[in-house]
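Written out below as structure tokens is the structure these notes cover.
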Amino acid sequence: MPSPKFSFPATARPLALNILLQVHGGAYTDVALHRSLAQASLSAQECALTTELVYGTVRRQRTLDALITQLGTRPADKQPPVLRAILQLGLYQLRYLTTIPVSAAVNTSVDLARASGLGQLSKVVNGLLRQYIRLAATGADPLQLPDDAVTALGISQSYPDWLVKLWLDQLGHDQAAQLGQWFNQVPTIDLRVNRQQTTVEQVQAAFEAVGVATQCLEGLPWALRLSQHQGALTALPGYQEGWWTVQDASAQLVGQWVDAQPGETVLDVCAAPGGKATHLAEMMADQGTVWACDRTPSRLKKVTENCDRLRLTSVRPHLGDSTHLPQFHGAADRVLVDAPCSGLGTLHRHADARWRQTPDSIATLPPLQTALLEEAARCVKAAGVLVYATCTLHPAENEAIVQAFLQRHPHWQIQPPALDLGFKADPEGWLKIWPHRQQMDGFFMVRLVRTDG
């Protein structure tokens, strides 16, 4: 369904409303946001507010809808779509953005309703938002929660019940609540310094010269975390020169798990857009060969573009189905399977992923993940290394895949690398990164070695 076009100026809140209506119509949040910001003439401050309103409202959608249902005369899903989106925006500002004056949150929401042609429904916006303010002023939370622990946590932190239950089963209530809180934060930005072109110290100095603070991360000698940066990353020093690339700390750990060495042949079977393939090339001092495989030409093109910017020559793109790689059988010293997954470890970066993924959609992934791992194993040389990694926290995509593989292939075993990370691998030998504990994206990774060579 095409989103409505409004007659008022494209400032932060009207633009955020337009984007939310696109998302409610099926658009991906990040795509709709980036496209809309590129077409609008907004100040940096307005861009930042638009981004916060859109991502925050999508993340907190269930909580906001519960408030609309409790405070209004009709359930949220029975409200006219534009009215529902306006109420979500208004309530998000009142509940979560303490720097925005209450009057501004209410008045701009009423203005949105009028400008959207809602007529008398603008009074509904005013009345519902002011009712929230009156209840909050008593010191009690206007949000009413049910007695059921799963539903209560799902409503309060805005996640589907099935996901909350998955966390509760693995972590217990307190840890699950902490994880949910972590995923509702604005994500950090981590960089991986390209040590073929520069040093961490040189990048830090260049950033400091333009007023951008960074911090080093324990166990990751090439990583820098930006502190509260706003604006285009491509405008930062060294981007065009290939000094660094954006890559979360946990994704950088995958490269360390592989531990590629100069002169080796390395296979990245799901390489696009190239973050891990280029990391492996950098670790190898750009000496040897990294085969970067993907089945989509447009995504493989991004690998080539990233290699060009980072000045790396050892990466070779390979177009094809990564579940069928006979030309690489027995040819690779190390193989990485960064498997397609549900992305449940990166919910803070993908605001709508919590609503798009379902138990049914996740159930379609293990067969593909298994096929990729099986074919990757065929490509490893005797005594070679195979790393399986995902950015999800779902056991069906992680532990279950590896355990079943080891049962089928007794000549393979887990071999945790000797790394000083500040935290330990699980007793089984794999590493499962819980974001609320390690302060990085949720990831699973395991290193497997052949014992028959």
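Chains: A, B, ... in order of the structure tokens. Residues: from 1 per chain. Ligands: from 1, in order shown.
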Practice task
Excluding His409 of chain A and any residue of its chain fewer than 2 positions from it, enumerate the residues within 12 Å of it, using only C-alpha atoms, and give them as a VMD selection string.
Solution key: chain A and resid 373 to 374 377 to 378 402 to 407 411 to 414 448 to 452
Any chance you could export the current selection's N, CA and C atoms as a short mmCIF file (atom, residue, chain, number, x, y, z; two decimals), in the first residue's frame?
```cif
data_model
loop_
_atom_site.label_atom_id
_atom_site.label_comp_id
_atom_site.auth_asym_id
_atom_site.auth_seq_id
_atom_site.Cartn_x
_atom_site.Cartn_y
_atom_site.Cartn_z
N LEU A 373 27.23 -26.06 6.01
CA LEU A 373 28.29 -26.60 6.86
C LEU A 373 28.83 -27.91 6.28
N GLU A 374 27.96 -28.76 5.78
CA GLU A 374 28.39 -30.02 5.18
C GLU A 374 29.30 -29.79 3.98
N ALA A 377 32.70 -28.42 4.97
CA ALA A 377 33.59 -29.44 5.51
C ALA A 377 34.32 -30.20 4.41
N ARG A 378 33.65 -30.39 3.29
CA ARG A 378 34.28 -31.08 2.16
C ARG A 378 35.43 -30.27 1.55
N VAL A 402 25.68 -27.71 15.18
CA VAL A 402 27.03 -28.21 15.42
C VAL A 402 26.99 -29.60 16.03
N GLN A 403 26.12 -29.81 17.00
CA GLN A 403 26.04 -31.12 17.64
C GLN A 403 25.66 -32.21 16.64
N ALA A 404 24.71 -31.91 15.77
CA ALA A 404 24.30 -32.89 14.76
C ALA A 404 25.43 -33.16 13.78
N PHE A 405 26.18 -32.10 13.41
CA PHE A 405 27.32 -32.28 12.51
C PHE A 405 28.37 -33.20 13.14
N LEU A 406 28.68 -33.00 14.40
CA LEU A 406 29.70 -33.81 15.06
C LEU A 406 29.24 -35.26 15.22
N GLN A 407 27.95 -35.47 15.39
CA GLN A 407 27.45 -36.84 15.46
C GLN A 407 27.59 -37.56 14.13
N HIS A 411 35.15 -37.74 12.98
CA HIS A 411 36.55 -37.34 12.76
C HIS A 411 36.72 -35.81 12.81
N TRP A 412 35.69 -35.11 13.18
CA TRP A 412 35.79 -33.68 13.45
C TRP A 412 35.61 -33.44 14.95
N GLN A 413 36.27 -32.41 15.45
CA GLN A 413 36.09 -32.06 16.86
C GLN A 413 36.24 -30.56 17.05
N ILE A 414 35.70 -30.07 18.16
CA ILE A 414 35.78 -28.64 18.49
C ILE A 414 37.17 -28.34 19.04
N LEU A 448 36.10 -25.84 14.32
CA LEU A 448 36.16 -27.29 14.16
C LEU A 448 37.42 -27.68 13.39
N VAL A 449 38.00 -28.81 13.76
CA VAL A 449 39.21 -29.28 13.07
C VAL A 449 39.04 -30.75 12.71
N ARG A 450 39.64 -31.13 11.58
CA ARG A 450 39.67 -32.52 11.16
C ARG A 450 40.75 -33.27 11.91
N THR A 451 40.44 -34.47 12.35
CA THR A 451 41.40 -35.27 13.11
C THR A 451 41.87 -36.50 12.36
N ASP A 452 41.47 -36.58 11.06
CA ASP A 452 41.84 -37.77 10.28
C ASP A 452 42.97 -37.48 9.31
#
```
May I have a table of the residues of segment 245-316 of chain A lying at most 9 Å from segment 381-391 of chain A, giving each one's closest pair of atoms and their distance in Å to one decimal, counting only C-alpha atoms, ordered by chain and ascending residue number, as CSV?
```
residue,atom,partner,partner_atom,distance
A:Ser250,CA,A:Cys391,CA,8.8
A:Ala251,CA,A:Cys391,CA,8.2
A:Val254,CA,A:Ala389,CA,7.1
A:Trp257,CA,A:Val387,CA,7.1
A:Val258,CA,A:Val387,CA,6.1
```
Exercise for the section: Measuring atom to atom with only C-alpha atoms, identify which of A:Pro359, A:Gly238, A:Gly274, A:Gly231 is nearest to Ile189 of chain A. Expected result: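 Using only C-alpha atoms, Ile189 of chain A sits closest to A:Gly231.
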Practice task
Counting only C-alpha atoms, figure out which residue out of A:Val106, A:Ala209, A:Leu128, A:Leu33 gets nearest to Arg74 of chain A.
Solution key: A:Leu128
Practice task
Tell me, as a PyMOL selection string, which residues lie within 12 Å of Gln196 of chain A, counting only C-alpha atoms; anything in the same chain fewer than 3 positions away does not count.
Solution key: chain A and resi 192-193+199-200+222+241-244+278-287+310-313
Exercise for the section: Select, from A:Gln204, A:Thr29, A:Ser227, A:Thr51, the residue with the minimum atom-to-atom distance to Arg356 of chain A, counting only C-alpha atoms. Expected result: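 Distance minimum relative to Arg356 of chain A lands on A:Thr29.
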Completion exercise
Pairwise distance, atom CA of Asp441 of chain A with atom CA of Ala371 of chain A, equals 25.1 Å
Practice task
May I ask which of the residues A:Leu163, A:Ala136, A:Leu325, A:Ala149 is the closest one to Arg95 of chain A, counting only C-alpha atoms?
Solution key: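 Ranking A:Leu163, A:Ala136, A:Leu325, A:Ala149 by distance to Arg95 of chain A, first place goes to A:Ala136.
With only C-alpha atoms as the basis for measurement, A:Thr57 is the residue among A:Gln45, A:Thr57, A:Gly154, A:Thr289 that approaches Ile19 of chain A most closely.
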Handout entry: Coordinates-based distance that separates atom CA of Gly56 of chain A from atom CA of Tyr96 of chain A (Å, one decimal)
Key =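 Atom CA of Tyr96 of chain A sits 8.6 Å away from atom CA of Gly56 of chain A.
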